[in-house]
Structure formats: structure tokens, C-alpha cells
>>> print(open('start.cif').read())   # mmCIF, C-alpha atoms
data_coords
#
loop_
_atom_site.label_atom_id
_atom_site.label_comp_id
_atom_site.auth_asym_id
_atom_site.auth_seq_id
_atom_site.Cartn_x
_atom_site.Cartn_y
_atom_site.Cartn_z
CA MET A 1 -3.16 -43.42 -16.87
CA SER A 2 -0.61 -40.66 -16.34
CA GLY A 3 2.85 -41.66 -15.15
CA ALA A 4 4.65 -40.58 -12.01
CA HIS A 5 6.67 -38.01 -13.97
CA LEU A 6 3.42 -36.07 -14.44
CA ALA A 7 1.66 -36.71 -11.15
CA PRO A 8 4.32 -37.73 -8.61
CA ASP A 9 2.22 -37.01 -5.52
CA VAL A 10 -1.35 -36.77 -4.29
CA SER A 11 -1.57 -33.00 -4.75
CA SER A 12 -0.51 -33.26 -8.41
CA ALA A 13 -3.04 -36.03 -8.97
CA MET A 14 -5.78 -33.88 -7.44
CA VAL A 15 -4.84 -30.92 -9.63
CA LEU A 16 -4.90 -33.18 -12.69
CA ALA A 17 -8.32 -34.49 -11.69
CA MET A 18 -9.68 -30.95 -11.31
CA LEU A 19 -8.24 -29.87 -14.65
CA THR A 20 -9.76 -32.90 -16.33
CA SER A 21 -13.15 -32.17 -14.79
CA LEU A 22 -12.92 -28.54 -15.87
CA SER A 23 -11.99 -29.56 -19.41
CA TYR A 24 -14.93 -31.96 -19.51
CA GLU A 25 -17.40 -29.42 -18.17
CA VAL A 26 -16.36 -26.71 -20.64
CA LEU A 27 -15.94 -28.79 -23.79
CA ILE A 28 -18.33 -31.71 -23.34
CA HIS A 29 -20.98 -30.87 -20.76
CA ALA A 30 -21.50 -27.25 -21.77
CA LYS A 31 -20.56 -27.24 -25.46
CA ASN A 32 -21.15 -30.94 -26.26
CA LEU A 33 -18.44 -30.74 -28.91
CA SER A 34 -17.94 -33.59 -31.38
CA LEU A 35 -20.92 -35.58 -30.14
CA GLY A 36 -20.83 -39.09 -31.58
CA ILE A 37 -17.07 -39.12 -32.25
CA GLY A 38 -15.07 -41.69 -30.31
CA GLY A 39 -12.18 -40.56 -28.14
CA ARG A 40 -13.52 -37.11 -27.29
CA LEU A 41 -13.43 -37.79 -23.54
CA GLY A 42 -9.82 -38.95 -23.78
CA ALA A 43 -8.99 -35.83 -25.76
CA THR A 44 -10.28 -33.64 -22.93
CA ALA A 45 -8.14 -35.62 -20.47
CA PHE A 46 -5.16 -35.13 -22.77
CA LEU A 47 -5.67 -31.36 -22.70
CA ALA A 48 -5.74 -31.39 -18.90
CA THR A 49 -2.63 -33.58 -18.72
CA SER A 50 -0.78 -31.33 -21.15
CA ALA A 51 -1.73 -28.24 -19.14
CA LEU A 52 -0.34 -29.81 -15.97
CA ALA A 53 2.79 -30.95 -17.78
CA ARG A 54 3.44 -27.45 -19.07
CA TYR A 55 2.99 -25.99 -15.58
CA ARG A 56 5.39 -28.53 -14.08
CA GLY A 57 7.91 -28.16 -16.90
CA VAL A 58 7.58 -31.74 -18.17
CA ALA A 59 8.65 -32.02 -21.80
CA SER A 60 6.13 -33.48 -24.24
CA VAL A 61 8.87 -34.98 -26.44
CA GLY A 62 11.09 -37.68 -25.02
CA ARG A 63 13.39 -40.34 -26.42
CA LYS A 64 12.64 -41.33 -29.99
CA VAL A 65 12.56 -44.91 -31.22
CA ARG A 66 15.68 -45.56 -33.24
CA ARG A 67 13.91 -47.73 -35.77
CA ALA A 68 12.18 -45.63 -38.42
CA VAL A 69 8.43 -45.71 -39.02
CA TRP A 70 9.00 -46.60 -42.66
CA LYS A 71 11.47 -49.24 -43.76
CA THR A 72 13.72 -47.97 -46.53
CA GLY A 73 15.00 -51.33 -47.70
CA GLY A 74 14.68 -55.08 -47.40
CA THR A 75 11.60 -57.21 -47.82
CA GLY A 76 8.25 -57.45 -46.08
CA PHE A 77 5.75 -54.82 -45.07
CA PRO A 78 7.23 -51.28 -45.18
CA LEU A 79 5.93 -50.20 -41.77
CA SER A 80 7.74 -50.87 -38.50
CA PRO A 81 6.51 -53.68 -36.21
CA ILE A 82 5.34 -51.11 -33.64
CA VAL A 83 3.16 -49.29 -36.16
CA MET A 84 1.85 -52.53 -37.64
CA THR A 85 0.87 -53.75 -34.16
CA MET A 86 -0.78 -50.46 -33.28
CA MET A 87 -2.76 -50.38 -36.53
CA ALA A 88 -3.87 -54.01 -36.38
CA PHE A 89 -4.98 -54.01 -32.75
CA HIS A 90 -6.58 -50.58 -32.96
CA ALA A 91 -8.67 -51.85 -35.87
CA LEU A 92 -9.50 -55.03 -33.97
CA GLY A 93 -10.49 -53.10 -30.85
CA ALA A 94 -12.70 -50.73 -32.82
CA MET A 95 -14.50 -53.54 -34.65
CA ALA A 96 -14.91 -55.65 -31.51
CA THR A 97 -16.45 -52.72 -29.63
CA ILE A 98 -18.93 -51.70 -32.31
CA PHE A 99 -19.98 -55.29 -32.98
CA LEU A 100 -20.49 -55.85 -29.25
CA ARG A 101 -22.67 -52.75 -29.15
CA GLU A 102 -24.67 -53.63 -32.26
CA ALA A 103 -25.08 -57.36 -31.69
CA SER A 104 -25.96 -57.35 -28.00
CA ASP A 105 -29.53 -57.41 -26.79
CA GLU A 106 -28.39 -56.23 -23.38
CA SER A 107 -28.58 -52.49 -22.86
CA GLY A 108 -25.45 -52.62 -20.70
CA ALA A 109 -23.28 -54.19 -23.40
CA ALA A 110 -24.74 -51.84 -26.01
CA ASP A 111 -23.58 -48.85 -23.98
CA PRO A 112 -20.38 -47.45 -25.61
CA VAL A 113 -18.48 -47.00 -22.34
CA ARG A 114 -19.28 -50.48 -21.07
CA ALA A 115 -18.55 -52.12 -24.42
CA SER A 116 -15.18 -50.37 -24.54
CA SER A 117 -14.46 -51.51 -21.00
CA VAL A 118 -15.29 -55.13 -21.85
CA VAL A 119 -12.93 -55.10 -24.84
CA GLY A 120 -10.18 -53.49 -22.79
CA LEU A 121 -10.62 -55.99 -19.96
CA LEU A 122 -10.53 -58.97 -22.31
CA GLY A 123 -7.36 -57.60 -23.87
CA ALA A 124 -5.72 -57.16 -20.48
CA LEU A 125 -6.61 -60.72 -19.49
CA PHE A 126 -5.76 -62.63 -22.65
CA VAL A 127 -3.25 -60.56 -24.66
CA LYS A 128 0.30 -60.74 -23.31
CA ASP A 129 2.05 -58.02 -25.32
CA PRO A 130 1.64 -54.63 -23.55
CA THR A 131 1.72 -52.69 -26.82
CA SER A 132 -1.05 -54.84 -28.26
CA VAL A 133 -3.16 -54.40 -25.11
CA LEU A 134 -2.76 -50.63 -25.29
CA ALA A 135 -3.64 -50.64 -28.99
CA LEU A 136 -6.71 -52.83 -28.46
CA TYR A 137 -8.00 -50.55 -25.72
CA GLY A 138 -7.22 -47.45 -27.78
CA GLY A 139 -9.15 -48.93 -30.69
CA SER A 140 -12.14 -49.52 -28.44
CA PHE A 141 -12.44 -45.74 -28.11
CA VAL A 142 -12.95 -45.55 -31.88
CA GLY A 143 -15.64 -48.20 -31.45
CA MET A 144 -17.53 -45.86 -29.13
CA SER A 145 -18.40 -43.64 -32.10
CA LEU A 146 -21.96 -43.29 -33.31
CA PRO A 147 -22.09 -45.29 -36.59
CA SER A 148 -24.08 -42.66 -38.48
CA ARG A 149 -21.62 -39.93 -37.43
CA LEU A 150 -18.47 -41.85 -38.28
CA MET A 151 -19.74 -43.47 -41.48
CA TYR A 152 -21.85 -40.70 -42.99
CA GLY A 153 -21.09 -37.55 -41.02
CA SER A 154 -24.70 -37.35 -39.83
CA ALA A 155 -25.17 -35.29 -36.72
CA PRO A 156 -26.92 -37.06 -33.83
CA GLY A 157 -30.66 -36.85 -34.37
CA ASN A 158 -30.27 -36.71 -38.16
CA ALA A 159 -29.15 -40.28 -38.79
CA ARG A 160 -29.92 -42.03 -42.05
CA SER A 161 -32.79 -44.48 -42.06
CA GLY A 162 -31.89 -48.17 -41.96
CA SER A 163 -28.99 -50.00 -40.39
CA PRO A 164 -25.55 -50.39 -41.99
CA THR A 165 -24.41 -53.87 -42.95
CA ALA A 166 -21.85 -55.75 -40.89
CA LEU A 167 -19.34 -55.37 -43.72
CA ALA A 168 -19.86 -51.60 -43.85
CA LEU A 169 -19.43 -51.35 -40.09
CA ALA A 170 -16.24 -53.41 -40.20
CA ALA A 171 -14.80 -51.34 -43.03
CA ALA A 172 -15.60 -47.98 -41.42
CA PHE A 173 -14.61 -48.76 -37.85
CA GLY A 174 -11.67 -50.93 -38.86
CA GLY A 175 -10.43 -48.19 -41.16
CA ALA A 176 -10.80 -45.47 -38.55
CA GLY A 177 -9.14 -47.73 -36.00
CA ALA A 178 -6.19 -48.40 -38.29
CA ILE A 179 -5.72 -44.67 -38.85
CA ALA A 180 -5.80 -44.07 -35.10
CA GLY A 181 -3.20 -46.81 -34.68
CA LEU A 182 -1.00 -45.24 -37.32
CA ILE A 183 -1.17 -41.89 -35.53
CA HIS A 184 -0.44 -43.51 -32.18
CA GLY A 185 2.44 -45.50 -33.61
CA ILE A 186 4.01 -42.40 -35.14
CA THR A 187 3.84 -40.56 -31.80
CA ILE A 188 5.66 -43.47 -30.15
CA HIS A 189 8.39 -43.40 -32.79
CA GLN A 190 8.79 -39.64 -32.54
CA GLY A 191 8.82 -39.66 -28.74
CA TYR A 192 5.67 -37.59 -28.24
CA TRP A 193 3.79 -37.94 -24.93
CA ASN A 194 5.38 -41.26 -23.97
CA GLY A 195 5.86 -42.76 -20.51
CA GLY A 196 2.24 -42.51 -19.39
CA TRP A 197 0.45 -39.39 -20.67
CA GLY A 198 -3.18 -39.40 -19.66
CA GLY A 199 -5.63 -39.16 -22.55
CA LYS A 200 -3.12 -39.92 -25.30
CA ALA A 201 -4.88 -43.08 -26.48
CA GLY A 202 -8.19 -41.23 -26.56
CA LEU A 203 -6.67 -38.32 -28.45
CA CYS A 204 -5.26 -40.67 -31.11
CA ALA A 205 -8.64 -42.38 -31.42
CA PHE A 206 -10.35 -38.98 -31.70
CA ALA A 207 -7.90 -37.87 -34.39
CA GLY A 208 -8.27 -41.17 -36.25
CA CYS A 209 -12.04 -40.78 -36.37
CA TRP A 210 -11.81 -37.26 -37.77
CA VAL A 211 -9.16 -38.20 -40.34
CA TYR A 212 -11.33 -41.10 -41.48
CA ARG A 213 -14.36 -38.84 -41.67
CA GLY A 214 -12.39 -36.31 -43.72
CA LEU A 215 -11.14 -38.95 -46.15
CA ALA A 216 -14.63 -40.43 -46.50
CA SER A 217 -16.12 -36.98 -47.19
CA ALA A 218 -13.44 -36.29 -49.81
CA MET A 219 -14.16 -39.61 -51.53
CA ASP A 220 -17.89 -38.88 -51.52
CA ALA A 221 -17.22 -35.48 -53.10
CA VAL A 222 -15.09 -37.06 -55.83
CA LYS A 223 -17.79 -39.65 -56.57
CA SER A 224 -20.45 -36.94 -56.76
CA ARG A 225 -18.42 -34.96 -59.29
CA ALA A 226 -17.80 -38.07 -61.37
CA ARG A 227 -21.52 -38.75 -61.79
#
>>> encode(input="start.cif", output="C-alpha cells")
Amino acid sequence: MSGAHLAPDVSSAMVLAMLTSLSYEVLIHAKNLSLGIGGRLGATAFLATSALARYRGVASVGRKVRRAVWKTGGTGFPLSPIVMTMMAFHALGAMATIFLREASDESGAADPVRASSVVGLLGALFVKDPTSVLALYGGSFVGMSLPSRLMYGSAPGNARSGSPTALALAAAFGGAGAIAGLIHGITIHQGYWNGGWGGKAGLCAFAGCWVYRGLASAMDAVKSRAR
């Protein structure tokens, strides 16, 4: 998904592919970091893209959006249309992906990668706005998370007994998706990694999942002290 400013020729594309593979092997295959958290594969691709960009002298900050993230006056919702779109469609993509995984009896559709691909494909076919399509696909990366890891912080293999309700799934994955959309929208406004920066959507999804997990853990701690 990188633009021509990052990989303008075949040799640059091959270097980027090798860096991405190396990043995956070190962080995911060998260390298995952040297992069960959506967006971790995209985050490794982002690291590889950033390494190539630094080598080629490509700036990570480009033109900023003139319109502010937060509206300072007037009526209506205080967030900009870009951020609102990113949050809404990230949440929708996350919920669609996890519900496809949980509701399907087919092992293929239950697979996180395939479920994410289905959501992204449907968005590309039926959603006309490019920003909304990007947000929907980015949200599907959040939906690849392991429910027990995102909702309760349980490490894989130590999941709670029982299945979460549909409402709990929607709240957790929709919330994490909205946070990822907020992060992605802010990067667009501030001009960070725009113009086709491989792994950016995955990185925002990865960050959104961890922010949600941190907020949920803080709320659990407050509730425990209040008892």
C-alpha cells in the first residue's frame, strides 16, 4: 500500500519487501509479540516502510489539513468530518469483522485474516467514499483481535470461560475501532505518513487496541478500589 514516493521502482519495492519480512520474522515469528492484538502485522510493515523512508530521505510529515481536528465554534459535533468518518467506519469495520468471525460456522470466514479481507472487499465494492473505504478496512484490523485479549487482557491460552455477549463484543470492538479511527484521523490532519505509507492503517489499529485495553484496565482498577 506504499506510494510511489516511497517505492518508485522495482528495486525499492524489493528492499521494502525484504525489510517487511525481516521485521515480521524478528518481532512476530521469533518473539510473537502482542499475540491476539489486531494490527500487529501492519505495525511491522509500518516499521519497515519507515526504515526505507528514512534511508531514502522521505519526510514522514507532509502537508497538514487546514481544517482543525476540533471545531472551536458553531453548532454540531465538535470533531471534523474527516475524524468523524474515520471513527465511524473504523468502528463499523471492527464490529463487522468480529461478528463475521463469531457468527460464521465456516472455518474460513472465522479466520481473522479472511474475515478482514471480506470486510475490506465489501467496502471497496459498495462504499464510494475513499476515506470511508480506508477506515472500514483499517477497522477490520481491530476486528482481528482475540476477544479475550482485547476485552479482558487475557493472554492467549488463559482466556476466561464462557463467551461474551453480542453487546459486549460490539462495545469493546466498536470502542477500540473508534479510538483507532480517532488516531488515524489525527495523523491525517497533522500530515503524518500520508500519501500511501505502508502499514499505517495497521499501526493505527494496533495503537487503538492498546489504548482501549489501557482504558479498560484503568476502569477495572477504579471499580475494584470502589468496592
>>> resolve_selection(input="start.cif", expression="the PyMOL selection byres ((chain A and resi 147) around 9)", output="mmCIF file with C-alpha atoms, in the coordinates of the input")
data_model
loop_
_atom_site.group_PDB
_atom_site.id
_atom_site.type_symbol
_atom_site.label_atom_id
_atom_site.label_comp_id
_atom_site.auth_asym_id
_atom_site.auth_seq_id
_atom_site.Cartn_x
_atom_site.Cartn_y
_atom_site.Cartn_z
ATOM 1 C CA GLY A 36 -20.830 -39.090 -31.580
ATOM 2 C CA ILE A 98 -18.930 -51.700 -32.310
ATOM 3 C CA GLY A 143 -15.640 -48.200 -31.450
ATOM 4 C CA MET A 144 -17.530 -45.860 -29.130
ATOM 5 C CA SER A 145 -18.400 -43.640 -32.100
ATOM 6 C CA LEU A 146 -21.960 -43.290 -33.310
ATOM 7 C CA SER A 148 -24.080 -42.660 -38.480
ATOM 8 C CA ARG A 149 -21.620 -39.930 -37.430
ATOM 9 C CA LEU A 150 -18.470 -41.850 -38.280
ATOM 10 C CA MET A 151 -19.740 -43.470 -41.480
ATOM 11 C CA TYR A 152 -21.850 -40.700 -42.990
ATOM 12 C CA GLY A 153 -21.090 -37.550 -41.020
ATOM 13 C CA SER A 154 -24.700 -37.350 -39.830
ATOM 14 C CA ALA A 159 -29.150 -40.280 -38.790
ATOM 15 C CA PRO A 164 -25.550 -50.390 -41.990
ATOM 16 C CA LEU A 169 -19.430 -51.350 -40.090
ATOM 17 C CA ALA A 172 -15.600 -47.980 -41.420
ATOM 18 C CA PHE A 173 -14.610 -48.760 -37.850
#
>>> resolve_selection(input="start.cif", expression="the PyMOL selection byres ((chain A and resi 22-24) around 8)", output="short mmCIF file (atom, residue, chain, number, x, y, z; two decimals) with C-alpha atoms, in the coordinates of the input")
data_model
loop_
_atom_site.label_atom_id
_atom_site.label_comp_id
_atom_site.auth_asym_id
_atom_site.auth_seq_id
_atom_site.Cartn_x
_atom_site.Cartn_y
_atom_site.Cartn_z
CA MET A 18 -9.68 -30.95 -11.31
CA LEU A 19 -8.24 -29.87 -14.65
CA THR A 20 -9.76 -32.90 -16.33
CA SER A 21 -13.15 -32.17 -14.79
CA GLU A 25 -17.40 -29.42 -18.17
CA VAL A 26 -16.36 -26.71 -20.64
CA LEU A 27 -15.94 -28.79 -23.79
CA ILE A 28 -18.33 -31.71 -23.34
CA HIS A 29 -20.98 -30.87 -20.76
CA LEU A 41 -13.43 -37.79 -23.54
CA THR A 44 -10.28 -33.64 -22.93
CA ALA A 45 -8.14 -35.62 -20.47
CA LEU A 47 -5.67 -31.36 -22.70
CA ALA A 48 -5.74 -31.39 -18.90
#
>>> atom_distance(input="start.cif", atom1="atom CA of Trp210 of chain A", atom2="atom CA of Ala178 of chain A")
12.5 Å
>>> resolve_selection(input="start.cif", expression="the PyMOL selection byres ((chain A and resi 136) around 7)", output="PyMOL selection string")
chain A and resi 89-90+92-93+120+123+132-135+137-140
>>> atom_distance(input="start.cif", atom1="atom CA of Met86 of chain A", atom2="atom CA of Ala59 of chain A")
23.7 Å
>>> atom_distance(input="start.cif", atom1="atom CA of Thr187 of chain A", atom2="atom CA of Val61 of chain A")
9.2 Å
>>> closest_residue(input="start.cif", among="A:Gly208, A:Gly195, A:Gly177, A:Gly214", to="His5 of chain A", atoms="all atoms listed in the file")
A:Gly195
>>> closest_residue(input="start.cif", among="A:Ala124, A:Ala88, A:Ala221, A:Val10", to="Ile179 of chain A", atoms="only C-alpha atoms")
A:Ala88
>>> residues_near_point(input="start.cif", point="(-21.7, -56.8, -29.1)", cutoff="12 Å", atoms="all atoms listed in the file", output="PyMOL selection string")
chain A and resi 93-112+114-116+118-119+143-144+166
>>> closest_residue(input="start.cif", among="A:Leu122, A:Val83, A:Thr131, A:Gly198", to="Leu16 of chain A", atoms="only C-alpha atoms")
A:Gly198
>>> closest_residue(input="start.cif", among="A:Val142, A:Leu182, A:Ala216, A:Ala7", to="Tyr55 of chain A", atoms="all atoms listed in the file")
A:Ala7
>>> closest_residue(input="start.cif", among="A:Ile82, A:Asp220, A:Ala30, A:Ala170", to="Pro130 of chain A", atoms="only C-alpha atoms")
A:Ile82
>>> decode(input="start.cif", residues="segment 172-185 of chain A", atoms="all heavy atoms", output="compact mmCIF listing (two decimals), in the first residue's frame")
# COMPACT_ATOMS: atom_id res chain seq x y z
N ALA A 172 -16.86 -3.42 22.93
CA ALA A 172 -15.40 -3.49 23.00
C ALA A 172 -14.76 -3.22 21.65
O ALA A 172 -13.87 -2.37 21.52
CB ALA A 172 -14.97 -4.86 23.53
N PHE A 173 -15.20 -3.93 20.63
CA PHE A 173 -14.57 -3.79 19.32
C PHE A 173 -14.96 -2.47 18.65
O PHE A 173 -14.14 -1.85 17.97
CB PHE A 173 -14.93 -4.98 18.43
CG PHE A 173 -14.12 -6.19 18.74
CD1 PHE A 173 -14.45 -7.03 19.79
CD2 PHE A 173 -12.99 -6.50 18.00
CE1 PHE A 173 -13.69 -8.15 20.09
CE2 PHE A 173 -12.22 -7.62 18.29
CZ PHE A 173 -12.57 -8.45 19.34
N GLY A 174 -16.21 -2.03 18.87
CA GLY A 174 -16.59 -0.73 18.35
C GLY A 174 -15.82 0.40 19.03
O GLY A 174 -15.39 1.36 18.37
N GLY A 175 -15.62 0.27 20.33
CA GLY A 175 -14.86 1.28 21.06
C GLY A 175 -13.41 1.33 20.63
O GLY A 175 -12.85 2.41 20.38
N ALA A 176 -12.78 0.15 20.52
CA ALA A 176 -11.39 0.11 20.07
C ALA A 176 -11.26 0.61 18.64
O ALA A 176 -10.30 1.32 18.29
CB ALA A 176 -10.85 -1.32 20.18
N GLY A 177 -12.25 0.27 17.81
CA GLY A 177 -12.23 0.76 16.43
C GLY A 177 -12.35 2.27 16.36
O GLY A 177 -11.65 2.92 15.56
N ALA A 178 -13.22 2.84 17.17
CA ALA A 178 -13.39 4.29 17.18
C ALA A 178 -12.12 4.99 17.63
O ALA A 178 -11.74 6.04 17.07
CB ALA A 178 -14.56 4.68 18.09
N ILE A 179 -11.43 4.43 18.60
CA ILE A 179 -10.16 5.01 19.06
C ILE A 179 -9.13 4.94 17.94
O ILE A 179 -8.38 5.90 17.70
CB ILE A 179 -9.66 4.29 20.32
CG1 ILE A 179 -10.62 4.53 21.49
CG2 ILE A 179 -8.25 4.77 20.69
CD1 ILE A 179 -10.30 3.71 22.72
N ALA A 180 -9.07 3.80 17.26
CA ALA A 180 -8.14 3.67 16.13
C ALA A 180 -8.47 4.70 15.04
O ALA A 180 -7.56 5.31 14.45
CB ALA A 180 -8.22 2.26 15.56
N GLY A 181 -9.76 4.91 14.80
CA GLY A 181 -10.15 5.91 13.82
C GLY A 181 -9.78 7.32 14.23
O GLY A 181 -9.39 8.14 13.39
N LEU A 182 -9.91 7.60 15.51
CA LEU A 182 -9.50 8.91 16.02
C LEU A 182 -8.01 9.14 15.81
O LEU A 182 -7.58 10.21 15.35
CB LEU A 182 -9.85 9.02 17.51
CG LEU A 182 -9.37 10.29 18.23
CD1 LEU A 182 -10.02 11.53 17.63
CD2 LEU A 182 -9.69 10.19 19.73
N ILE A 183 -7.22 8.12 16.12
CA ILE A 183 -5.77 8.22 15.93
C ILE A 183 -5.44 8.42 14.45
O ILE A 183 -4.62 9.28 14.10
CB ILE A 183 -5.08 6.96 16.48
CG1 ILE A 183 -5.25 6.87 18.00
CG2 ILE A 183 -3.59 6.95 16.11
CD1 ILE A 183 -4.79 5.55 18.59
N HIS A 184 -6.08 7.64 13.61
CA HIS A 184 -5.82 7.74 12.17
C HIS A 184 -6.24 9.10 11.64
O HIS A 184 -5.53 9.73 10.85
CB HIS A 184 -6.58 6.63 11.43
CG HIS A 184 -6.02 6.32 10.08
ND1 HIS A 184 -6.14 5.08 9.50
CD2 HIS A 184 -5.34 7.08 9.19
CE1 HIS A 184 -5.55 5.09 8.32
NE2 HIS A 184 -5.06 6.29 8.10
N GLY A 185 -7.38 9.58 12.09
CA GLY A 185 -7.85 10.89 11.66
C GLY A 185 -6.91 12.02 12.08
O GLY A 185 -6.67 12.96 11.31
